[in-house]
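All remarks here apply to the structure that follows.
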Amino acid sequence: MPYIPPYPPRPPEVYPPLKLLRTARQNLLAIWPEPTFSKEVFGHTMLRRQILVCNSPDTVRQVFVDDAANFERKTPQQRHALRPLIGDGLFVSDGALWRERRRAVAPLTHVSRLPELTPAMTQAAAERLALWRLRPGQEIDALAEMAEMTADVICRTIFGSELGHAAATTVVSAFSEYQALIGQVDLLSLLGLPDFVPRLRGWRIPQCAARIHAVVGQLMDEILHGKRRNEASLIRSLADTEAGGRGLSVEAVRNEVAVLFMAGHETTANTLAWAWFLLSQDAETEARVHTEVDQLDGRPATYADLPRLRFTRAVIEETLRLFPPVPIQARQARQAWTIADRTVAPGAIVMLVPWLLHRHKLWWGQPDSFLPDRFMPGGSGIPSRYAYVPFSIGPRICTGAAFGLTEAILCLATLAQGFRLRLRPGWPVMPVCRLTLRPGDQLPMRLESRQPSVRAPAVRAPDAA
């Protein structure tokens, strides 16, 4: 029988408003009743705010692709939650500002640049493997370890230098604390109060943001004014104000770098942590990954190896299906609209919930089971382009989607050659949605050394990666 990873209990029907709000504050994944995993569109009104969930490929395509101009704005909840950290960064901006930032930021991690960006992934994974080899049998926090590694990858690719252990620890711990503190439910926004009305925040939230800004600011200062000011850098290209002022201001660059750190390290780290957990619970799948990665003969995985890592990729793709990094994506309607014969009022919140869509009983067979083979050649595959959206879809699709997927594959393949990870006995694992989907606040796992098996005969790479 395939492994079914844990998920929050699903109530038989929608909770009453007060219980719904209390549950949402603890874990947004726990509010969805069992029937919503079969519905194609549904909604309700909460505290005077209309909320509609697009839960089918057709409605997802309409809202996030065909009619995206009317639904491009992020919700007030998202804007207020992230503004202390990323200011007017790409993730929460819209309109002309969003288009300007998108043009500047998108080329940094574009799929065409992967051959030059992936050596940093290979190097960071190899160094993490070397560190683990000094600690066989010890317990690590796999979530924190993956976050430090992916933060270092982002730093190497964007800034051109290592982040350093102290700085990486600062960024990872500050992001974790920020997520734990930020409120998922903004009652003032649900009541329809405008953006200029201040939202109450605890004093620790600005402190967390300041810790991240300090790391980013130091790196930027070295590049723009300090000892590395003469080096070529992707950050320098963003801040270049010559040739008609095409570049961004220093403040804008800082905000976009904060976005890159948030989106570039946090989401991939969560995916890798979930992959380690899933492999630790599914011996057969883990063995197949080991058989595949052992063909690398003990060397770190590189971009050229991607065609040979088809099953490792399938494991990552299935991990992204079960545990999408951003499990709830919401927009605010600019104008009155119609979605699947339902009237949507101006200001309504329209949601795409990958947590529901990726486990929908109409689109996926055995939707709660861990079945990487569905992504292998000859497998059931993706039922629709708009039924699998781990990186969102449409004009606002994540600019680093290919970057993150490739990073996860190469890092898992490199590390799995030398180690298995084993969950601490009795440790409860439950997906929790804050800003991103995490396996709780930590994931204690023991490092178990392994020796690569005798090299199997070479497997012919598929014609397309």
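Following the order of the structure tokens, first chain is A, next is B, and so on, with residues numbered from 1 inside each chain and ligands from 1 in the order they appear.
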
Quick one: residues within 10 Å of Gly418 (chain A), only C-alpha atoms, excluding same-chain residues fewer than 5 positions away - as a PyMOL selection string?
chain A and resi 129-130+132-133+290+293-294+298+413+447-452

Write a file of the selected residues as a compact mmCIF listing (two decimals), in the first residue's frame, keeping C-alpha atoms.
```txt
# COMPACT_ATOMS: atom_id res chain seq x y z
CA LEU A 129 27.37 16.67 2.60
CA ALA A 130 30.93 17.22 3.85
CA TRP A 132 27.25 15.81 7.58
CA ARG A 133 30.13 13.38 7.17
CA HIS A 290 19.40 5.55 -3.82
CA VAL A 293 21.68 8.65 -7.36
CA ASP A 294 24.36 5.99 -6.87
CA GLY A 298 29.76 9.59 -5.34
CA ALA A 413 20.55 13.69 -5.22
CA LEU A 447 21.98 11.24 10.10
CA GLU A 448 22.51 7.64 9.04
CA SER A 449 25.56 7.11 6.84
CA ARG A 450 25.25 4.93 3.78
CA GLN A 451 27.71 3.69 1.19
CA PRO A 452 26.65 3.99 -2.44
```

Would you pick out the contacts of Ala275 (chain A) at 8 Å or less, using only C-alpha atoms, so that residues sharing its chain but fewer than 2 positions from it are not included, and give the list as a VMD selection string?
chain A and resid 271 to 273 277 to 279 315 to 316 319

May I have all residues of region 17-206 of chain A that DSSP, computed from the backbone, assigns to strand (DSSP E), given as a ChimeraX atom specification?
/A:41-46,49-54,73-74,139-141

Please, what distance in Å, to one decimal, runs between CA of Pro383 (chain A) and CA of Val289 (chain A)?
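Result for CA of Pro383 (chain A) versus CA of Val289 (chain A): 24.6 Å, one decimal.
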
Polymer residues at most 6 Å from Leu52 (chain A), only C-alpha atoms, same-chain spacing of 4 or more positions, as a list in words
Phe42, Gly43 and Val350 of chain A

Restrict the selected residues to C-alpha atoms and save them as a tab-separated table (two decimals), in the first residue's frame.
```tsv
chain	number	residue	atom	x	y	z
A	42	PHE	CA	-17.48	27.31	-3.47
A	43	GLY	CA	-17.63	30.33	-1.24
A	350	VAL	CA	-10.79	34.95	-4.71
```

What's the separation between CA of Pro119 (chain A) and CA of Arg156 (chain A), in Å to one decimal place?
9.5 Å

For Ala142 (chain A), which of A:Ile154, A:Val253, A:Ala180, A:Leu415 is the closest residue, counting only C-alpha atoms?
A:Leu415

Helix (DSSP H, G or I) per DSSP on the backbone: members of region 98-337 of chain A, as a VMD selection string
chain A and resid 98 to 109 111 to 133 142 to 158 165 to 181 187 to 190 204 to 224 234 to 239 242 to 245 250 to 281 283 to 296 303 to 308 310 to 322

Pick out the residues sitting within 12 Å of Glu116 (chain A), and hand them over as a ChimeraX atom specification; count only C-alpha atoms, and ignore anything fewer than 5 positions along from it in its own chain.
/A:108-111,121-122,156-158,160,302-304,403

Using N, CA and C atoms, can you write the selected residues to a file as a short mmCIF file (atom, residue, chain, number, x, y, z; two decimals), in the first residue's frame?
```cif
data_model
loop_
_atom_site.label_atom_id
_atom_site.label_comp_id
_atom_site.auth_asym_id
_atom_site.auth_seq_id
_atom_site.Cartn_x
_atom_site.Cartn_y
_atom_site.Cartn_z
N LEU A 108 16.80 37.28 -13.40
CA LEU A 108 17.84 36.81 -12.48
C LEU A 108 17.86 35.29 -12.35
N THR A 109 16.68 34.67 -12.31
CA THR A 109 16.62 33.22 -12.13
C THR A 109 15.88 32.54 -13.29
N HIS A 110 15.89 33.16 -14.44
CA HIS A 110 15.18 32.60 -15.59
C HIS A 110 15.76 31.24 -15.97
N VAL A 111 14.91 30.38 -16.52
CA VAL A 111 15.32 29.02 -16.87
C VAL A 111 16.51 29.02 -17.82
N MET A 121 24.45 25.63 -6.64
CA MET A 121 23.64 24.61 -5.97
C MET A 121 24.49 23.38 -5.69
N THR A 122 25.24 22.94 -6.69
CA THR A 122 26.10 21.77 -6.54
C THR A 122 27.11 21.98 -5.43
N ARG A 156 24.89 32.82 -3.04
CA ARG A 156 25.93 32.59 -4.05
C ARG A 156 25.46 32.99 -5.44
N THR A 157 24.19 32.70 -5.75
CA THR A 157 23.71 32.99 -7.11
C THR A 157 23.40 34.47 -7.31
N ILE A 158 22.85 35.12 -6.29
CA ILE A 158 22.45 36.51 -6.44
C ILE A 158 23.58 37.48 -6.09
N GLY A 160 26.88 36.35 -5.40
CA GLY A 160 28.18 35.88 -5.85
C GLY A 160 29.13 35.53 -4.73
N THR A 302 25.12 17.57 -10.87
CA THR A 302 25.27 18.80 -11.63
C THR A 302 24.10 18.96 -12.60
N TYR A 303 24.07 20.09 -13.25
CA TYR A 303 23.01 20.38 -14.23
C TYR A 303 22.97 19.30 -15.32
N ALA A 304 24.14 18.82 -15.73
CA ALA A 304 24.21 17.82 -16.79
C ALA A 304 23.60 16.49 -16.37
N PHE A 403 14.27 27.35 -11.21
CA PHE A 403 15.42 27.43 -10.31
C PHE A 403 15.17 26.56 -9.07
#
```

Between CA of Tyr386 (chain A) and CA of Gln62 (chain A) - distance in Å to one decimal
10.0 Å

Choose the residue, out of A:Ala348, A:Val105, A:Leu443, A:Ala336, that has the smallest atom-to-atom separation from Gly89 (chain A); count only C-alpha atoms.
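Checking each candidate against Gly89 (chain A), we get A:Val105 as the closest.
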
Counting only C-alpha atoms, which residue out of A:Ala167, A:Cys54, A:Ala96, A:Ile182 sits closest to Gly217 (chain A)?
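Using only C-alpha atoms, the shortest distance to Gly217 (chain A) belongs to A:Ala167.
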
Give one line per residue of region 217-310 of chain A that approaches region 77-88 of chain A to at most 7 Å, naming the two atoms of the closest pair and their distance in Å to one decimal, counting only C-alpha atoms; sort by chain then ascending residue number and deliver it as a tab-separated table.
```
residue	atom	partner	partner_atom	distance
A:Asn255	CA	A:Ile86	CA	4.8
A:Ala258	CA	A:Ile86	CA	5.6
A:Val259	CA	A:Ile86	CA	6.0
```

Report the closest atom pair, with its distance in Å rounded to one decimal, for each residue of region 339-394 of chain A that has an atom no farther than 12 Å from region 424-434 of chain A; count only C-alpha atoms, sort by chain and then rising residue number, and write it as a Markdown table.
```
| residue | atom | partner | partner_atom | distance |
| --- | --- | --- | --- | --- |
| A:Val353 | CA | A:Cys433 | CA | 11.6 |
| A:Pro354 | CA | A:Cys433 | CA | 11.9 |
| A:Trp355 | CA | A:Cys433 | CA | 9.9 |
```

Can those selected residues be exported to a file as an mmCIF file, in the first residue's frame so that it contains N, CA, C and O atoms?
```
data_model
loop_
_atom_site.group_PDB
_atom_site.id
_atom_site.type_symbol
_atom_site.label_atom_id
_atom_site.label_comp_id
_atom_site.auth_asym_id
_atom_site.auth_seq_id
_atom_site.Cartn_x
_atom_site.Cartn_y
_atom_site.Cartn_z
ATOM 1 N N VAL A 353 -6.391 27.406 -3.930
ATOM 2 C CA VAL A 353 -5.863 26.678 -2.769
ATOM 3 C C VAL A 353 -5.205 25.390 -3.265
ATOM 4 O O VAL A 353 -5.859 24.348 -3.389
ATOM 5 N N PRO A 354 -3.907 25.431 -3.577
ATOM 6 C CA PRO A 354 -3.241 24.203 -4.023
ATOM 7 C C PRO A 354 -3.389 23.038 -3.056
ATOM 8 O O PRO A 354 -3.388 21.882 -3.479
ATOM 9 N N TRP A 355 -3.509 23.323 -1.770
ATOM 10 C CA TRP A 355 -3.719 22.246 -0.807
ATOM 11 C C TRP A 355 -4.966 21.438 -1.146
ATOM 12 O O TRP A 355 -4.990 20.210 -1.006
#
```

Would you pick out the contacts of Gly95 (chain A) at 9 Å or less, using only C-alpha atoms, so that residues sharing its chain but fewer than 4 positions from it are not included, and give the list as a PDB file with N, CA, C and O atoms, in the first residue's frame?
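Written output follows (out25.pdb):
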```pdb
ATOM      1  N   ALA A  69      -5.975  40.245 -15.121  1.00  0.00           N
ATOM      2  CA  ALA A  69      -5.881  41.697 -14.907  1.00  0.00           C
ATOM      3  C   ALA A  69      -6.845  42.162 -13.821  1.00  0.00           C
ATOM      4  O   ALA A  69      -6.559  43.124 -13.089  1.00  0.00           O
ATOM      5  N   GLU A  72      -5.231  40.585 -10.181  1.00  0.00           N
ATOM      6  CA  GLU A  72      -3.785  40.574  -9.993  1.00  0.00           C
ATOM      7  C   GLU A  72      -3.365  41.006  -8.591  1.00  0.00           C
ATOM      8  O   GLU A  72      -2.277  40.681  -8.126  1.00  0.00           O
ATOM      9  N   ARG A  73      -4.225  41.721  -7.884  1.00  0.00           N
ATOM     10  CA  ARG A  73      -3.812  42.284  -6.606  1.00  0.00           C
ATOM     11  C   ARG A  73      -3.880  41.248  -5.496  1.00  0.00           C
ATOM     12  O   ARG A  73      -4.864  40.525  -5.346  1.00  0.00           O
ATOM     13  N   ARG A  99       4.830  45.537 -12.710  1.00  0.00           N
ATOM     14  CA  ARG A  99       5.395  45.279 -14.041  1.00  0.00           C
ATOM     15  C   ARG A  99       6.848  45.738 -14.114  1.00  0.00           C
ATOM     16  O   ARG A  99       7.705  45.064 -14.709  1.00  0.00           O
ATOM     17  N   GLU A 100       7.154  46.883 -13.519  1.00  0.00           N
ATOM     18  CA  GLU A 100       8.536  47.377 -13.509  1.00  0.00           C
ATOM     19  C   GLU A 100       9.453  46.416 -12.767  1.00  0.00           C
ATOM     20  O   GLU A 100      10.532  46.055 -13.262  1.00  0.00           O
TER      21      GLU A 100
END
```

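You can rank A:Arg25, A:Ala30, A:Arg101, A:Phe37 by their closest distance to Pro9 (chain A) using only C-alpha atoms, and at the top of that list sits A:Ala30.
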